[in-house]
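Colleague: Have a look at this one.
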Amino acid sequence: MKPRIDISALVRPAVLAMKPYSSARDEFRGEARIWLDANENPYGAAASRYPDAQYVQLRQAIAAAKGCSPEQVLPGNGSDELIDLLMRTFCRPGIDEVVVQPPTYGMYAVQAAINDLAVREAPLTRRFLPDLRAIEAATTPFSRLIFFCSPNNPTGNRMPAETIRVVASAFSGLVVVDEAYIDFSGGSLLAQLADLPNLVVLQTFSKAWAKAGIRLGALFASPEIIRYIRKIKPPYNVSSLTGQAALRALQDPRRVARDIAEIRAERDGLAAWLEVQPLVREVFPSEANFLLVRFRDAAMIYRALLKRGIVLRDRSGLHGCKNCLRITIGTPDENAALKAALNDILYQNSAIRTLS
Ligand SMILES: *Cc1c(COP(=O)(O)O)cnc(C)c1O
């Protein structure tokens with residue numbers, strides 16, 4: 001049975017009541033020859049005109065690539081903008097709350113703070129899996145959004161679909177599944193959109209699609225949820241140059257598939273190498289394009305690598321991540337340079353220990 005949920009009851013009253021911005025092109029119906037409606041420079045070439053505010057072509061291309069309908073797609077200026085739009089559409093500042101599951105992506109809490117929303121934490125288990133009891137304990141009548149990140153940043157593992165289903169069926173707000181790394185793992189929850197009316201899936205062009213610089217994310221949800229978010233989104237939130245770059249990338253899925261295969265093979269090779277290093281305590285299983293690694297002394301490794309010109313992400317301050325660094329999988333050359341640097345650090349350290 002489908003859970004029944006009243007989406008309109010979740011929308012901020014101010015958003016329900018407001019009248020959205022409407023451009024001349026939103027109001028216009030029919031065929032036009034001459035566009036004198038938007039104060040654009042008529043002599044310009046590429047990008048002299050405003051983008052199509054409906055993003056028809058872009059939404060169609062993303063929907064076709066992902067196997068859903070264009071009405072279920074909302075493009076954004078990176079998924080970070082879409083996280084913000086979700087909060088501004090569905091959460092009353094100073095009143096409502098969001099639930100996050102640390103250790104996880106930091107932007108959920110940052111955007112919540114910007115929007116004056118309390119953040120309730122339901123920490124993942126020791127193996128970085130969702131903890132239903134903790135989620136239940138963190139959820140209050142003011143909870144509007146529960147964030148899942150799958151595969152999770154920074155741990156790299158996927159959240160079980162069954163757990164997300166259970167939470168979505170029991171929760172009266174929206175369940176947001178951030179799938180920034182899903183192209184590396186498979187197992188997207190997009191297929192569940194039809195069954196779970198309160199499910200929102202986020203994906204991005206920034207990772208596997210190799211387009212972090214164009215700033216493009218996509219939100220997938222029911223047409224009703226998307227209609228409410230569209231009321232408040234900036235009319236031209238994605239530039240036409242970004243749209244064109246995305247359409248080009250989408251035309252070449254084989255290139256992306258090749259990159260993904262190479263990155264996964266490099267990741268598994270690096271993980272196997274790290275597992276047996278004396279400097280390393282634990283390599284967490286990853287389905288993404290990075291590894292979370294627990295070192296014996298992460299601060300020392302971090303500094304020693306920096307001296308050798310290699311930057312990792314220090315995640316040791318996050319819940320359950322003591323002494324953990326996150327390593328993005330690079331090119332084979334970059335990964336080899338990392339291994340050489342770690343070997344060098346090990347050698348220097350043992351030399352120091354022998355001397356003293
Ligand atoms: C990298 C990342 C994003 C991407 O955000 P964009 O704004 O689309 O670049 C979103 N969520 C997670 C968990 C990430 O790691």
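Identifiers in this document derive from the order of the structure tokens: chains are assigned A, B, ..., residues are numbered from 1 separately in each chain, and ligands are numbered from 1 in order of occurrence.
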List the neighbours of Asp314 (chain A) out to 12 Å using only C-alpha atoms; skip same-chain residues closer than 6 positions along the sequence, and give me the result as a PyMOL selection string.
Modeller: chain A and resi 154+291-295+297-303+305-306+321-328
Colleague: Just want the residues within 6 Å of ligand 1, written as a PyMOL selection string, counting only C-alpha atoms and all ligand atoms.
Modeller: chain A and resi 78-80+105+149+153+178+180+204+206+212+215-217
Colleague: Using the selection just defined, write its residues with N, CA, C and O atoms as a CSV table (one decimal), in the first residue's frame.
Modeller:
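Result file is again_34.csv:
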```csv
chain,number,residue,atom,x,y,z
A,78,GLY,N,24.2,23.2,-9.0
A,78,GLY,CA,24.8,22.3,-8.1
A,78,GLY,C,23.8,21.7,-7.2
A,78,GLY,O,22.7,22.3,-7.0
A,79,SER,N,24.0,20.5,-6.7
A,79,SER,CA,23.1,19.9,-5.7
A,79,SER,C,23.0,20.8,-4.5
A,79,SER,O,22.0,20.8,-3.7
A,80,ASP,N,24.1,21.5,-4.2
A,80,ASP,CA,24.0,22.4,-3.0
A,80,ASP,C,22.9,23.4,-3.1
A,80,ASP,O,22.2,23.7,-2.1
A,105,TYR,N,28.0,14.4,4.8
A,105,TYR,CA,28.3,15.6,4.0
A,105,TYR,C,27.9,16.8,4.9
A,105,TYR,O,26.8,16.9,5.4
A,149,CYS,N,22.7,9.9,2.8
A,149,CYS,CA,23.7,10.1,1.7
A,149,CYS,C,24.2,8.8,1.3
A,149,CYS,O,24.7,8.0,2.1
A,153,ASN,N,29.2,10.2,1.9
A,153,ASN,CA,30.5,11.0,2.0
A,153,ASN,C,30.6,11.3,3.5
A,153,ASN,O,29.7,12.0,4.0
A,178,ASP,N,20.7,11.7,-1.0
A,178,ASP,CA,21.8,12.4,-1.8
A,178,ASP,C,22.6,11.3,-2.5
A,178,ASP,O,23.4,10.6,-1.8
A,180,ALA,N,25.1,11.6,-4.8
A,180,ALA,CA,26.2,12.3,-5.6
A,180,ALA,C,27.1,11.3,-6.2
A,180,ALA,O,27.7,11.5,-7.2
A,204,THR,N,24.3,14.6,-9.1
A,204,THR,CA,25.1,15.8,-9.5
A,204,THR,C,26.0,15.4,-10.8
A,204,THR,O,26.2,14.3,-11.0
A,206,SER,N,28.9,16.7,-10.8
A,206,SER,CA,30.2,17.1,-10.3
A,206,SER,C,31.2,16.0,-10.1
A,206,SER,O,32.4,16.2,-10.0
A,212,ALA,N,32.3,19.3,-12.4
A,212,ALA,CA,32.2,20.0,-11.2
A,212,ALA,C,32.2,21.5,-11.5
A,212,ALA,O,31.5,22.3,-10.8
A,215,ARG,N,28.7,23.5,-12.4
A,215,ARG,CA,27.7,23.6,-11.3
A,215,ARG,C,26.3,23.1,-11.8
A,215,ARG,O,25.5,23.9,-12.1
A,216,LEU,N,26.1,21.8,-11.9
A,216,LEU,CA,24.8,21.3,-12.2
A,216,LEU,C,24.5,20.1,-11.3
A,216,LEU,O,25.2,19.1,-11.3
A,217,GLY,N,23.4,20.2,-10.7
A,217,GLY,CA,22.8,19.1,-9.9
A,217,GLY,C,21.4,18.9,-10.4
A,217,GLY,O,20.8,19.7,-11.1
```
Colleague: Pick the closest to Pro130 (chain A) from A:Cys91, A:Ile5, A:Val100, A:Leu338: which is it, counting only C-alpha atoms?
Modeller: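 Answer, going by the shortest atom-to-atom distance: A:Val100.
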Colleague: What are the DSSP strand (DSSP E) residues of region 114-351 of chain A, as a PyMOL selection string?
Modeller: chain A and resi 118-121+143-149+174-178+199-204+217-220+280-283+290-295+313-314+324-328
Colleague: If you take only C-alpha atoms and a cut-off of 10 Å, which residues of region 278-344 of chain A touch region 250-269 of chain A, and what are their nearest atom pairs and distances in Å to one decimal, in chain and number order, as a Markdown table?
Modeller:
```
| residue | atom | partner | partner_atom | distance |
| --- | --- | --- | --- | --- |
| A:Pro285 | CA | A:Asp268 | CA | 9.2 |
| A:Ser286 | CA | A:Arg267 | CA | 8.3 |
| A:Glu287 | CA | A:Arg264 | CA | 8.1 |
| A:Ala288 | CA | A:Arg264 | CA | 7.8 |
| A:Asn289 | CA | A:Ile263 | CA | 6.5 |
| A:Phe290 | CA | A:Arg267 | CA | 7.1 |
| A:Leu291 | CA | A:Arg267 | CA | 7.4 |
| A:Ile327 | CA | A:Arg267 | CA | 9.6 |
| A:Thr328 | CA | A:Arg267 | CA | 8.8 |
| A:Ile329 | CA | A:Arg267 | CA | 6.0 |
| A:Gly330 | CA | A:Ile263 | CA | 7.5 |
| A:Thr331 | CA | A:Ile263 | CA | 7.7 |
| A:Pro332 | CA | A:Glu266 | CA | 6.8 |
| A:Asn335 | CA | A:Glu266 | CA | 7.9 |
| A:Ala336 | CA | A:Glu266 | CA | 10.0 |
```
Colleague: CA of Arg120 (chain A) to CA of Pro151 (chain A): how many Å, to one decimal?
Modeller: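 Answer for the CA of Arg120 (chain A) to CA of Pro151 (chain A) separation: 20.7 Å.
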